[in-house]
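File shown: model28.txt (compact mmCIF, C-alpha atoms).
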```txt
# COMPACT_ATOMS: atom_id res chain seq x y z
CA MET A 18 0.00 0.00 0.00
CA GLN A 19 1.46 3.34 -1.05
CA PRO A 20 1.76 5.84 1.83
CA ALA A 21 -0.46 8.90 1.66
CA GLU A 22 0.94 12.27 0.69
CA GLN A 23 1.89 14.57 3.56
CA PRO A 24 1.17 18.17 2.54
CA ALA A 25 2.29 21.13 4.63
CA GLN A 26 0.16 22.16 7.59
CA PRO A 27 -0.76 25.79 8.38
CA GLY A 28 1.58 27.79 10.61
CA THR A 29 4.31 25.19 10.46
CA LEU A 30 8.00 25.62 9.72
CA TYR A 31 9.52 22.71 7.77
CA VAL A 32 13.29 22.23 7.78
CA VAL A 33 13.76 20.35 4.51
CA ALA A 34 16.89 18.46 3.45
CA THR A 35 17.62 18.62 -0.29
CA PRO A 36 20.03 16.70 -2.56
CA ILE A 37 23.77 17.36 -2.28
CA GLY A 38 24.21 16.52 -5.96
CA ASN A 39 21.99 13.86 -7.49
CA LEU A 40 18.50 15.38 -7.75
CA ARG A 41 16.95 11.90 -7.48
CA ASP A 42 18.04 11.78 -3.83
CA ILE A 43 15.19 14.03 -2.69
CA THR A 44 12.59 12.31 -0.51
CA LEU A 45 8.89 11.95 -1.25
CA HIS A 46 8.10 13.80 1.97
CA ALA A 47 10.29 16.73 0.89
CA LEU A 48 8.47 16.92 -2.44
CA ASP A 49 5.09 16.86 -0.68
CA VAL A 50 6.13 19.79 1.51
CA LEU A 51 7.74 21.85 -1.25
CA ARG A 52 4.65 21.46 -3.44
CA SER A 53 2.26 22.60 -0.74
CA VAL A 54 3.95 25.24 1.45
CA ASP A 55 3.01 28.87 1.14
CA LEU A 56 6.63 30.02 1.06
CA VAL A 57 10.09 28.53 0.55
CA ALA A 58 13.02 30.25 2.33
CA ALA A 59 16.14 29.38 0.34
CA GLU A 60 19.84 30.04 0.88
CA ASP A 61 20.13 30.86 -2.84
CA THR A 62 16.83 31.16 -4.68
CA ARG A 63 18.50 30.41 -8.03
CA VAL A 64 19.76 27.04 -6.80
CA THR A 65 16.44 26.13 -5.24
CA GLN A 66 14.53 27.26 -8.33
CA GLY A 67 16.52 24.72 -10.35
CA LEU A 68 15.53 21.93 -7.97
CA LEU A 69 11.88 22.94 -7.96
CA ALA A 70 11.81 23.23 -11.76
CA ALA A 71 13.18 19.69 -12.08
CA TYR A 72 10.05 18.44 -10.33
CA GLY A 73 7.58 20.86 -11.88
CA ILE A 74 7.03 22.76 -8.64
CA GLN A 75 6.05 26.41 -8.61
CA ALA A 76 6.58 28.07 -5.28
CA ARG A 77 6.91 31.51 -3.75
CA LEU A 78 10.61 31.95 -2.91
CA THR A 79 12.48 34.28 -0.59
CA ALA A 80 16.21 34.41 0.13
CA LEU A 81 17.50 33.58 3.61
CA HIS A 82 21.29 33.52 3.87
CA GLU A 83 24.03 34.41 6.34
CA HIS A 84 23.91 38.12 5.46
CA ASN A 85 20.16 38.69 5.92
CA GLU A 86 19.19 35.86 8.25
CA ARG A 87 18.03 37.93 11.21
CA THR A 88 15.97 40.42 9.23
CA VAL A 89 14.29 37.80 7.05
CA SER A 90 13.68 35.47 10.01
CA ASP A 91 11.63 38.16 11.75
CA LYS A 92 9.48 38.54 8.64
CA LEU A 93 9.05 34.78 8.26
CA LEU A 94 8.01 34.50 11.89
CA GLY A 95 5.20 36.91 11.05
CA GLU A 96 4.17 34.66 8.14
CA LEU A 97 4.07 31.63 10.44
CA ARG A 98 2.06 33.46 13.08
CA ALA A 99 -0.44 34.44 10.36
CA GLY A 100 -0.98 30.74 9.67
CA ARG A 101 1.16 30.36 6.58
CA SER A 102 3.51 27.40 6.14
CA VAL A 103 7.21 27.89 5.40
CA ALA A 104 9.87 25.47 4.12
CA LEU A 105 13.49 26.25 4.98
CA VAL A 106 16.08 24.82 2.57
CA SER A 107 19.81 25.31 2.00
CA ASP A 108 21.62 25.01 -1.32
CA ALA A 109 22.34 21.35 -0.63
CA GLY A 110 21.95 18.87 2.20
CA THR A 111 20.40 19.37 5.61
CA PRO A 112 19.77 22.98 6.72
CA LEU A 113 21.61 24.30 9.80
CA VAL A 114 24.48 21.82 9.30
CA SER A 115 27.15 24.42 8.40
CA ASP A 116 24.34 26.40 6.72
CA PRO A 117 22.10 29.30 7.86
CA GLY A 118 18.67 28.93 9.41
CA ALA A 119 19.27 28.43 13.13
CA HIS A 120 17.91 31.88 14.01
CA LEU A 121 14.61 31.23 12.26
CA VAL A 122 14.20 27.80 13.85
CA GLY A 123 15.00 29.29 17.26
CA LEU A 124 12.42 32.05 16.84
CA ALA A 125 9.73 29.59 15.78
CA ARG A 126 10.39 27.28 18.72
CA GLN A 127 10.44 30.16 21.20
CA ALA A 128 7.09 31.29 19.81
CA GLY A 129 5.63 27.83 20.35
CA LEU A 130 5.13 27.24 16.63
CA PRO A 131 5.52 23.73 15.21
CA VAL A 132 8.89 22.95 13.61
CA VAL A 133 9.07 19.76 11.52
CA ALA A 134 12.34 18.30 10.25
CA VAL A 135 12.11 16.57 6.88
CA PRO A 136 15.28 14.43 6.89
CA GLY A 137 17.36 13.56 3.89
CA PRO A 138 20.85 13.94 2.41
CA SER A 139 23.84 15.04 4.48
CA ALA A 140 27.35 15.34 3.05
CA ALA A 141 28.96 14.25 6.33
CA ALA A 142 26.87 11.09 6.66
CA THR A 143 27.32 10.28 2.97
CA ALA A 144 31.10 10.61 3.20
CA LEU A 145 31.32 8.48 6.36
CA SER A 146 29.33 5.67 4.75
CA ALA A 147 31.36 5.79 1.53
CA ALA A 148 34.64 5.85 3.47
CA GLY A 149 33.75 2.68 5.34
CA VAL A 150 34.65 4.14 8.74
CA ALA A 151 34.13 1.34 11.24
CA ALA A 152 34.67 3.46 14.37
CA PRO A 153 31.36 3.98 16.21
CA HIS A 154 32.22 7.54 17.28
CA TRP A 155 33.20 10.61 15.27
CA LEU A 156 33.29 14.36 15.75
CA PHE A 157 31.83 16.73 13.17
CA TYR A 158 33.36 20.22 13.06
CA GLY A 159 32.24 21.63 9.70
CA PHE A 160 34.32 24.38 8.11
CA LEU A 161 37.61 25.23 9.78
CA PRO A 162 38.67 28.90 10.00
CA ALA A 163 39.86 30.38 6.72
CA LYS A 164 42.97 31.98 8.28
CA ALA A 165 45.93 29.62 8.71
CA ARG A 166 46.82 30.67 12.25
CA ALA A 167 43.26 30.34 13.54
CA ARG A 168 42.84 27.03 11.71
CA ARG A 169 45.96 25.60 13.36
CA GLN A 170 44.82 26.71 16.79
CA VAL A 171 41.53 24.89 16.35
CA LEU A 172 43.29 21.75 15.14
CA GLU A 173 45.74 21.82 18.05
CA GLY A 174 42.77 21.64 20.39
CA MET A 175 41.58 18.46 18.66
CA ALA A 176 44.96 16.78 18.10
CA ALA A 177 44.67 14.31 20.96
CA GLN A 178 41.03 13.33 20.34
CA PRO A 179 40.69 9.56 19.77
CA TRP A 180 37.69 9.90 17.44
CA HIS A 181 37.55 10.43 13.69
CA LEU A 182 37.33 14.13 12.82
CA VAL A 183 35.00 15.29 10.03
CA PHE A 184 35.41 18.64 8.26
CA TYR A 185 33.93 20.45 5.29
CA GLU A 186 36.20 22.43 2.99
CA ALA A 187 35.90 24.58 -0.13
CA PRO A 188 37.98 23.79 -3.24
CA HIS A 189 40.05 26.98 -3.11
CA ARG A 190 41.22 26.20 0.45
CA VAL A 191 41.49 22.43 0.45
CA VAL A 192 45.25 22.23 -0.22
CA GLU A 193 46.24 24.62 2.57
CA CYS A 194 43.73 22.99 4.92
CA VAL A 195 45.12 19.51 4.26
CA ALA A 196 48.66 20.82 4.73
CA ASP A 197 47.68 22.14 8.16
CA LEU A 198 46.03 18.84 9.05
CA ALA A 199 49.32 17.09 8.27
CA VAL A 200 51.53 19.42 10.29
CA VAL A 201 49.26 19.63 13.33
CA LEU A 202 47.87 16.09 13.47
CA GLY A 203 50.86 14.31 11.98
CA PRO A 204 51.61 12.93 8.49
CA HIS A 205 50.81 9.29 9.28
CA ARG A 206 47.14 9.56 10.15
CA GLU A 207 44.73 8.33 7.49
CA LEU A 208 42.76 10.96 5.62
CA THR A 209 39.71 10.27 3.48
CA LEU A 210 38.99 12.93 0.87
CA ALA A 211 35.43 12.78 -0.43
CA ARG A 212 34.54 15.25 -3.18
CA GLU A 213 31.66 15.79 -5.58
CA LEU A 214 29.55 13.36 -3.57
CA THR A 215 26.59 11.89 -5.51
CA LYS A 216 27.66 13.84 -8.61
CA ARG A 217 29.09 12.56 -11.89
CA PHE A 218 32.73 12.94 -10.86
CA GLU A 219 32.37 11.67 -7.29
CA GLN A 220 35.67 10.58 -5.77
CA VAL A 221 36.49 9.05 -2.39
CA VAL A 222 40.17 8.43 -1.66
CA SER A 223 41.97 7.37 1.53
CA LEU A 224 45.70 7.98 2.06
CA PRO A 225 48.15 9.19 4.74
CA LEU A 226 47.88 12.87 5.57
CA GLY A 227 51.51 13.40 4.58
CA GLU A 228 50.74 12.33 1.00
CA ALA A 229 47.49 14.23 0.54
CA VAL A 230 48.81 17.59 -0.68
CA ALA A 231 50.90 15.90 -3.41
CA TRP A 232 47.87 13.84 -4.45
CA LEU A 233 45.65 16.93 -4.73
CA GLU A 234 48.24 18.91 -6.69
CA ALA A 235 49.05 16.04 -9.07
CA HIS A 236 45.93 16.70 -11.14
CA GLY A 237 44.02 19.96 -11.53
CA ASP A 238 40.59 18.34 -11.34
CA ARG A 239 41.29 16.89 -7.89
CA CYS A 240 40.77 20.27 -6.22
CA ARG A 241 37.36 20.83 -7.76
CA GLY A 242 34.08 20.46 -5.94
CA GLU A 243 33.09 20.66 -2.29
CA PHE A 244 35.05 18.40 0.07
CA VAL A 245 34.37 16.31 3.13
CA LEU A 246 37.60 15.48 4.98
CA ILE A 247 37.67 12.57 7.44
CA VAL A 248 40.80 12.21 9.59
CA ALA A 249 41.47 9.15 11.73
CA GLY A 250 41.53 9.77 15.47
CA ALA A 251 44.70 10.08 17.50
CA GLY A 252 44.48 6.54 18.86
CA GLU A 253 46.71 5.23 21.61
CA ALA A 254 49.89 6.75 20.18
CA ALA A 255 48.74 10.35 20.49
CA THR A 256 49.19 11.39 24.10
CA PRO A 257 48.73 14.79 25.74
CA ASP A 258 52.54 15.05 25.75
CA GLU A 259 52.59 14.71 21.97
CA ALA A 260 49.88 17.32 21.54
CA GLU A 261 51.87 19.72 23.73
CA ALA A 262 55.07 19.03 21.78
CA ARG A 263 53.27 19.81 18.52
CA ARG A 264 51.86 23.01 20.00
CA ILE A 265 55.34 24.18 21.05
CA LEU A 266 56.84 23.23 17.69
CA HIS A 267 54.16 25.10 15.75
CA ALA A 268 54.70 28.21 17.86
CA LEU A 269 58.45 28.09 17.17
CA LEU A 270 57.89 27.56 13.45
CA THR A 271 56.21 30.94 13.17
CA GLU A 272 59.58 32.58 13.88
CA LEU A 273 62.33 30.01 13.20
CA PRO A 274 63.55 27.64 10.47
CA ALA A 275 62.44 24.01 10.79
CA SER A 276 65.82 22.68 11.97
CA GLN A 277 66.22 25.30 14.70
CA ALA A 278 62.59 24.99 15.82
CA ALA A 279 62.96 21.20 16.08
CA ARG A 280 66.16 21.52 18.13
CA ILE A 281 64.63 23.94 20.61
CA ALA A 282 61.38 21.97 20.84
CA ALA A 283 63.36 18.80 21.54
CA GLY A 284 65.12 20.51 24.41
CA LEU A 285 61.85 21.78 25.85
CA THR A 286 59.82 18.59 25.50
CA GLY A 287 62.34 15.75 25.64
CA ARG A 288 61.13 14.31 22.34
CA LYS A 289 63.51 13.25 19.61
CA ARG A 290 64.80 16.04 17.42
CA GLY A 291 64.39 13.96 14.25
CA GLU A 292 60.74 13.27 15.01
CA LEU A 293 60.06 16.96 15.59
CA TYR A 294 61.92 17.89 12.41
CA ASP A 295 59.77 15.46 10.41
CA TRP A 296 56.64 17.09 11.81
CA ALA A 297 57.97 20.50 10.87
CA MET A 298 58.89 19.49 7.33
CA ALA A 299 55.44 17.99 6.74
CA GLY A 300 54.01 21.51 6.98
CA LYS A 301 56.77 23.59 5.40
CA SER A 302 54.91 24.15 2.14
CA ASP A 303 51.99 25.65 4.04
CA ARG A 304 54.32 27.93 6.01
CA GLN A 305 55.59 29.28 2.70
CA ARG A 306 52.03 29.93 1.52
CA GLU A 307 51.18 31.74 4.74
CA ALA A 308 54.29 33.92 4.41
```

Represent the structure contained in this file as structure tokens.
Amino acid sequence: MQPAEQPAQPGTLYVVATPIGNLRDITLHALDVLRSVDLVAAEDTRVTQGLLAAYGIQARLTALHEHNERTVSDKLLGELRAGRSVALVSDAGTPLVSDPGAHLVGLARQAGLPVVAVPGPSAAATALSAAGVAAPHWLFYGFLPAKARARRQVLEGMAAQPWHLVFYEAPHRVVECVADLAVVLGPHRELTLARELTKRFEQVVSLPLGEAVAWLEAHGDRCRGEFVLIVAGAGEAATPDEAEARRILHALLTELPASQAARIAAGLTGRKRGELYDWAMAGKSDRQREA
């Protein structure tokens, strides 16, 4: 027996997941809602219009993105209070997961209005399943800071975590991001690069962090598309002492050559100079880019 359609209900905010690439990945429930809501709040109306057109849906659209989120959310709250239904969508995947919309959802919940999640595609979940990660626990961070120094500081705080780390990254920053992952977390951890997920040129590759920059730069197409990066956890070998040694080394590298920084860090931490030098050299190309 085919399940009945589930059209939008008055005064309800629907948080609707949309495809991350393959338009066939949209759910039947999402289509029911998008066909019947009074208004669709979209991160980019042009992107959402393309999705709606593919399914013959005509809808009233308004833009809700990071630059106008608070102003538009107040207006949409008025629409909901007047009994109109609203669907919130991002350009791809599940809204609020590294995408705008949290302010609107918060306002609706505070006002006692119904908020219904319509689940569906998520780039992080898709990448984890394609990577075959067997570990039961993982930490999702989303996009790391764009500035190298801030990015390294964030990574230093996660260096000793035993769980897999999951990040999003844009194509124009993926090389420098991966270089920082190698220098802060170490070149021997396994990295899974998942790009263009569910699209024609989808690619999922696993390799040591220390080899990832060379792999990306070996072919121009490898830096195209949005990325999910999955880094193996620290495991038993990564102790708080190691994390502290890396922190000291990275601080010295901002002012000193790799050999001198490794020598001083060895004296301060008691770790082998050669080991520290290897860590420093794994990130030297990124230091040059930052300079």

Shortest interatomic distance to Val221 (chain A) - which of A:Ala148, A:Leu130, A:Ala119, A:Ala278, counting all atoms listed in the file
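The answer is A:Ala148, which sits nearest to Val221 (chain A).
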
Within 12 Å of file point (40.5, 21.0, 16.8), counting all atoms listed in the file, expressed as an MDAnalysis selection string:
chainID A and resid 156:162 167:184 197:198 201:202 248 250:251 260 264

Can you pull out every residue within 10 Å of Leu233 (chain A), counting only C-alpha atoms, but drop anything in the same chain fewer than 4 positions away, and send it as a list in words?
Val191, Val192, Val195, Leu210, Glu228, Ala229, Gly237, Asp238, Arg239, Cys240 and Arg241 of chain A

For Leu56 (chain A), which residue out of A:Tyr31, A:Phe244, A:Tyr185, A:Phe218 is the nearest one, using only C-alpha atoms?
A:Tyr31

Given only C-alpha atoms as the basis, pick out the residue of A:Val135, A:Leu124, A:Leu145, A:Val33 nearest to Val89 (chain A).
A:Leu124

Mind giving me the straight-line distance from CA of Glu234 (chain A) to CA of Lys164 (chain A) in Å, one decimal?
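Rounded to one decimal, the two atoms are 20.6 Å apart.
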
Shortest contact to Leu68 (chain A), candidates A:Gly100, A:Gly227, A:Gly38, A:Pro136, atoms counted only C-alpha atoms, goes to A:Gly38

Please identify all polymer residues within 8 Å of region 102-118 of chain A, counting all atoms listed in the file, omitting same-chain residues fewer than 5 positions from it, and present them as a short mmCIF file (atom, residue, chain, number, x, y, z; two decimals) with C-alpha atoms, in the frame of the given file.
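The resulting file, result.cif, is reproduced below:
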```cif
data_model
loop_
_atom_site.label_atom_id
_atom_site.label_comp_id
_atom_site.auth_asym_id
_atom_site.auth_seq_id
_atom_site.Cartn_x
_atom_site.Cartn_y
_atom_site.Cartn_z
CA ALA A 25 2.29 21.13 4.63
CA GLN A 26 0.16 22.16 7.59
CA PRO A 27 -0.76 25.79 8.38
CA GLY A 28 1.58 27.79 10.61
CA THR A 29 4.31 25.19 10.46
CA LEU A 30 8.00 25.62 9.72
CA TYR A 31 9.52 22.71 7.77
CA VAL A 32 13.29 22.23 7.78
CA VAL A 33 13.76 20.35 4.51
CA ALA A 34 16.89 18.46 3.45
CA THR A 35 17.62 18.62 -0.29
CA PRO A 36 20.03 16.70 -2.56
CA ILE A 37 23.77 17.36 -2.28
CA GLY A 38 24.21 16.52 -5.96
CA VAL A 50 6.13 19.79 1.51
CA LEU A 51 7.74 21.85 -1.25
CA VAL A 54 3.95 25.24 1.45
CA ASP A 55 3.01 28.87 1.14
CA LEU A 56 6.63 30.02 1.06
CA VAL A 57 10.09 28.53 0.55
CA ALA A 58 13.02 30.25 2.33
CA ALA A 59 16.14 29.38 0.34
CA GLU A 60 19.84 30.04 0.88
CA ASP A 61 20.13 30.86 -2.84
CA VAL A 64 19.76 27.04 -6.80
CA THR A 65 16.44 26.13 -5.24
CA LEU A 81 17.50 33.58 3.61
CA HIS A 82 21.29 33.52 3.87
CA GLU A 83 24.03 34.41 6.34
CA GLU A 86 19.19 35.86 8.25
CA LEU A 93 9.05 34.78 8.26
CA GLU A 96 4.17 34.66 8.14
CA LEU A 97 4.07 31.63 10.44
CA PRO A 136 15.28 14.43 6.89
CA GLY A 137 17.36 13.56 3.89
CA PRO A 138 20.85 13.94 2.41
CA SER A 139 23.84 15.04 4.48
CA ALA A 140 27.35 15.34 3.05
CA GLY A 159 32.24 21.63 9.70
CA PHE A 160 34.32 24.38 8.11
#
```

Selection: 9 Å around Ala199 (chain A), all atoms listed in the file, excl. self and same-chain fewer than 3 positions, as number ranges by chain:
A: 194-196, 202-206, 225-230, 296, 299-300

Save out the residues we just selected, C-alpha atoms, as an mmCIF file, keeping the file's coordinate frame.
```cif
data_model
loop_
_atom_site.group_PDB
_atom_site.id
_atom_site.type_symbol
_atom_site.label_atom_id
_atom_site.label_comp_id
_atom_site.auth_asym_id
_atom_site.auth_seq_id
_atom_site.Cartn_x
_atom_site.Cartn_y
_atom_site.Cartn_z
ATOM 1 C CA CYS A 194 43.730 22.990 4.920
ATOM 2 C CA VAL A 195 45.120 19.510 4.260
ATOM 3 C CA ALA A 196 48.660 20.820 4.730
ATOM 4 C CA LEU A 202 47.870 16.090 13.470
ATOM 5 C CA GLY A 203 50.860 14.310 11.980
ATOM 6 C CA PRO A 204 51.610 12.930 8.490
ATOM 7 C CA HIS A 205 50.810 9.290 9.280
ATOM 8 C CA ARG A 206 47.140 9.560 10.150
ATOM 9 C CA PRO A 225 48.150 9.190 4.740
ATOM 10 C CA LEU A 226 47.880 12.870 5.570
ATOM 11 C CA GLY A 227 51.510 13.400 4.580
ATOM 12 C CA GLU A 228 50.740 12.330 1.000
ATOM 13 C CA ALA A 229 47.490 14.230 0.540
ATOM 14 C CA VAL A 230 48.810 17.590 -0.680
ATOM 15 C CA TRP A 296 56.640 17.090 11.810
ATOM 16 C CA ALA A 299 55.440 17.990 6.740
ATOM 17 C CA GLY A 300 54.010 21.510 6.980
#
```

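The nearest approach to Ala47 (chain A) among the residues A:Met18, A:Ala163, A:Leu78, A:Ala134, with all atoms listed in the file taken into account, belongs to A:Ala134.
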
What is the distance between CA of Ala235 (chain A) and CA of His189 (chain A), in Å to one decimal?
15.4 Å

Which residue, A:Arg52, A:Val245, A:Leu94, A:Tyr294, has the smallest gap to Gln127 (chain A) when you use only C-alpha atoms?
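So, comparing all the options, the nearest one is A:Leu94.
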
Just how far from CA of Lys92 (chain A) is CA of Val122 (chain A), in Å to one decimal?
12.8 Å

Could you check which residues have any atom within 12 Å of (66.6, 23.2, 12.5), counting only C-alpha atoms with coordinates taken straight from the file, and then list them as an MDAnalysis selection string?
chainID A and resid 266 269:270 272:283 290:298

Given the selection you just returned, output its residues as a file containing C-alpha atoms, formatted as a PDB file, keeping the file's coordinate frame.
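Output contents, as saved in selection-v3.pdb:
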```
ATOM      1  CA  LEU A 266      56.840  23.230  17.690  1.00  0.00           C
ATOM      2  CA  LEU A 269      58.450  28.090  17.170  1.00  0.00           C
ATOM      3  CA  LEU A 270      57.890  27.560  13.450  1.00  0.00           C
ATOM      4  CA  GLU A 272      59.580  32.580  13.880  1.00  0.00           C
ATOM      5  CA  LEU A 273      62.330  30.010  13.200  1.00  0.00           C
ATOM      6  CA  PRO A 274      63.550  27.640  10.470  1.00  0.00           C
ATOM      7  CA  ALA A 275      62.440  24.010  10.790  1.00  0.00           C
ATOM      8  CA  SER A 276      65.820  22.680  11.970  1.00  0.00           C
ATOM      9  CA  GLN A 277      66.220  25.300  14.700  1.00  0.00           C
ATOM     10  CA  ALA A 278      62.590  24.990  15.820  1.00  0.00           C
ATOM     11  CA  ALA A 279      62.960  21.200  16.080  1.00  0.00           C
ATOM     12  CA  ARG A 280      66.160  21.520  18.130  1.00  0.00           C
ATOM     13  CA  ILE A 281      64.630  23.940  20.610  1.00  0.00           C
ATOM     14  CA  ALA A 282      61.380  21.970  20.840  1.00  0.00           C
ATOM     15  CA  ALA A 283      63.360  18.800  21.540  1.00  0.00           C
ATOM     16  CA  ARG A 290      64.800  16.040  17.420  1.00  0.00           C
ATOM     17  CA  GLY A 291      64.390  13.960  14.250  1.00  0.00           C
ATOM     18  CA  GLU A 292      60.740  13.270  15.010  1.00  0.00           C
ATOM     19  CA  LEU A 293      60.060  16.960  15.590  1.00  0.00           C
ATOM     20  CA  TYR A 294      61.920  17.890  12.410  1.00  0.00           C
ATOM     21  CA  ASP A 295      59.770  15.460  10.410  1.00  0.00           C
ATOM     22  CA  TRP A 296      56.640  17.090  11.810  1.00  0.00           C
ATOM     23  CA  ALA A 297      57.970  20.500  10.870  1.00  0.00           C
ATOM     24  CA  MET A 298      58.890  19.490   7.330  1.00  0.00           C
TER      25      MET A 298
END
```
